[in-house]
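Before any comments, here is the structure.
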Amino acid sequence: MSALPWLDPDYLWFPPAEEALEEPDGLLALGGDLAPQRLVHAYRHGIFPWFSDDQPILWWSPDPRCVLFPDEIHVSRSLRRTLNRDYFRITTDQAFRRVIHLCGSTRPEGTWITDDMEQAYIELHRQGYAHSIEAWNPRGELVGGLYGLAMGCCFFGESMFSLETNASKTILVHLCGQLRDSGYQLMDCQVESPHLLSMGARTIPRATFLSILKSNIDRPPLREPWHLDWTGRGRHPETRP
């Protein structure tokens, strides 16, 4: 790590994403801060923070990059049955603070969502960059959530949680439908996981990711995708089998 650049909190700069290490994959820089302008600058250039309480701020841009193209969301037969039942009510931006807190506190393996990270993304939510998507069960309990950043026609997924079977998967289906209809080109998933891959995510070269990002980060969406409240039967988005 000693060869990596240390970022000055008073100077807004990142090295090019292409200069990230191969091992550990994607580690680019250390230090800096979590100020809103630095976070926005980072995401615009394909970089994100990921670190633990006992580490300095670490900035990453892995190669390959895991992404989910909205029109490639995969719905299994069991998930389709859940969707057809309209068991969950899906909302956006109704409980951002609770969603980001539960994303960190419900992980048995621990979390990178430190208190400072939580407060930084709450501020990004206040500024209109960060959004949450929530799943509520019939008793009105928050049982699933996802949060991330929206810029141009790109959505950067950060974390999700699920307290009931298929809650987070239902969120992903609705979110992809909303992003697709609004002209979004991709959802950045950062690092692959079996859960994301089962939903249709795949990895692409970092160079391809950065090219898509550059072409879409300043392109306005077709419509505002952050006002939805799915409650009625049959209103979930059309998806491929």
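Ordering of the structure tokens sets the chain letters (A, B, ...); residue numbers start at 1 within each chain; ligands are numbered from 1 in the order shown.
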
Give me the residues within 12 Å of Arg139 in chain A as a ChimeraX atom specification, counting only C-alpha atoms and dropping any in the same chain fewer than 6 places off.
-> /A:87-89

Those residues with C-alpha atoms, as a compact mmCIF listing (two decimals), in the first residue's frame please?
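Final file, selection-v4.txt:
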```
# COMPACT_ATOMS: atom_id res chain seq x y z
CA TYR A 87 -46.83 -9.50 -1.35
CA PHE A 88 -44.40 -6.57 -0.94
CA ARG A 89 -45.17 -2.89 -1.30
```

Write out as a ChimeraX atom specification all residues of range 75-211 of chain A that DSSP puts in alpha helix (DSSP H) for this structure's backbone.
-> /A:77-85,96-105,115-126,167-181,194-198,206-211

Hey, which of A:Cys153, A:Ala207, A:Ile100, A:Ile47 ends up closest to His131 in chain A? Count only C-alpha atoms.
-> A:Ile100

Determine, counting only C-alpha atoms, which protein, DNA and RNA residues have an atom within 6 Å of an atom of range 31-43 of chain A; residues of the same chain fewer than 4 positions away are not included. Present the result as number ranges by chain.
-> A: 6-9, 47-48, 56-57

Go ahead and save the picked residues with N, CA and C atoms, as a JSON list (two decimals), in the first residue's frame.
```json
[["chain", "number", "residue", "atom", "x", "y", "z"],
["A", 6, "TRP", "N", -1.59, 9.02, -1.42],
["A", 6, "TRP", "CA", -2.42, 9.48, -0.31],
["A", 6, "TRP", "C", -3.09, 10.77, -0.74],
["A", 7, "LEU", "N", -4.41, 10.81, -0.61],
["A", 7, "LEU", "CA", -5.18, 11.96, -1.07],
["A", 7, "LEU", "C", -5.20, 13.06, -0.01],
["A", 8, "ASP", "N", -5.06, 14.27, -0.45],
["A", 8, "ASP", "CA", -5.11, 15.44, 0.43],
["A", 8, "ASP", "C", -6.56, 15.85, 0.61],
["A", 9, "PRO", "N", -7.07, 15.91, 1.84],
["A", 9, "PRO", "CA", -8.47, 16.33, 2.05],
["A", 9, "PRO", "C", -8.79, 17.71, 1.48],
["A", 47, "ILE", "N", -14.99, 5.29, -9.44],
["A", 47, "ILE", "CA", -14.25, 5.01, -8.20],
["A", 47, "ILE", "C", -15.23, 5.04, -7.04],
["A", 48, "PHE", "N", -15.01, 4.18, -6.05],
["A", 48, "PHE", "CA", -15.89, 4.17, -4.88],
["A", 48, "PHE", "C", -15.07, 3.86, -3.62],
["A", 56, "PRO", "N", -7.58, 3.32, 6.88],
["A", 56, "PRO", "CA", -7.82, 4.64, 6.26],
["A", 56, "PRO", "C", -8.90, 4.49, 5.19],
["A", 57, "ILE", "N", -9.39, 5.59, 4.67],
["A", 57, "ILE", "CA", -10.33, 5.52, 3.56],
["A", 57, "ILE", "C", -9.62, 4.90, 2.35]]
```

In Å, with one decimal, what is the gap from CA of Met199 in chain A to CA of Arg219 in chain A?
->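 Interatomic distance here is 26.2 Å.
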
Enumerate the residues of range 22-131 of chain A with a DSSP assignment of strand (DSSP E), computed from the backbone, and present them as JSON, numbers by chain.
-> {"A": [27, 28, 29, 30, 31, 48, 49, 58, 59, 60, 65, 66, 67, 68, 89, 90, 91, 92, 130, 131]}

Polymer residues at most 10 Å from range 185-189 of chain A, only C-alpha atoms, same-chain spacing of 3 or more positions, as JSON, numbers by chain = {"A": [43, 46, 65, 66, 67, 68, 69, 70, 71, 72, 148, 149, 150, 152, 153, 154, 155, 156, 157, 158, 159, 175, 176, 179, 180, 182, 192, 193, 196, 201, 202, 203, 209, 212, 213, 215, 216, 217, 221]}

Can you tell me how far CA of Ile171 in chain A sits from CA of Glu141 in chain A, in Å to one decimal?
-> 14.8 Å

May I have the residues within 12 Å of Asp93 in chain A as a PyMOL selection string, using only C-alpha atoms and disregarding those fewer than 5 positions away in the same chain?
-> chain A and resi 98-100+122+125-126+128-135+145-149+225-229

Mind pulling up the distance from CA of Ser168 in chain A to CA of Tyr184 in chain A?
-> 19.9 Å

Among listed residues A:Arg206, A:Glu118, A:Gly177, A:Gln127, nearest Ala20 in chain A (using only C-alpha atoms) =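 Among the listed residues, the smallest separation from Ala20 in chain A belongs to A:Arg206.
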
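By only C-alpha atoms, and with residues fewer than 5 positions from Pro24 in chain A along its chain excluded, the set lying at most 12 Å from it is Met1, Leu4, Ala29, Leu58, Trp59, Trp60, Ser61, Pro62 and Asp63 of chain A.
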
Residues of the last selection are to be written out with C-alpha atoms, as a PDB file, in the first residue's frame.
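Saved file selection.pdb follows:
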```
ATOM      1  CA  MET A   1       0.000   0.000   0.000  1.00  0.00           C
ATOM      2  CA  LEU A   4      -0.383   4.182  -3.491  1.00  0.00           C
ATOM      3  CA  ALA A  29      -5.735   5.412  -3.488  1.00  0.00           C
ATOM      4  CA  LEU A  58      -9.637   3.164   0.640  1.00  0.00           C
ATOM      5  CA  TRP A  59     -10.717   3.989  -2.919  1.00  0.00           C
ATOM      6  CA  TRP A  60     -11.346   1.274  -5.521  1.00  0.00           C
ATOM      7  CA  SER A  61     -11.976   0.703  -9.218  1.00  0.00           C
ATOM      8  CA  PRO A  62     -11.865  -3.063  -9.858  1.00  0.00           C
ATOM      9  CA  ASP A  63     -11.299  -4.778 -13.184  1.00  0.00           C
TER      10      ASP A  63
END
```
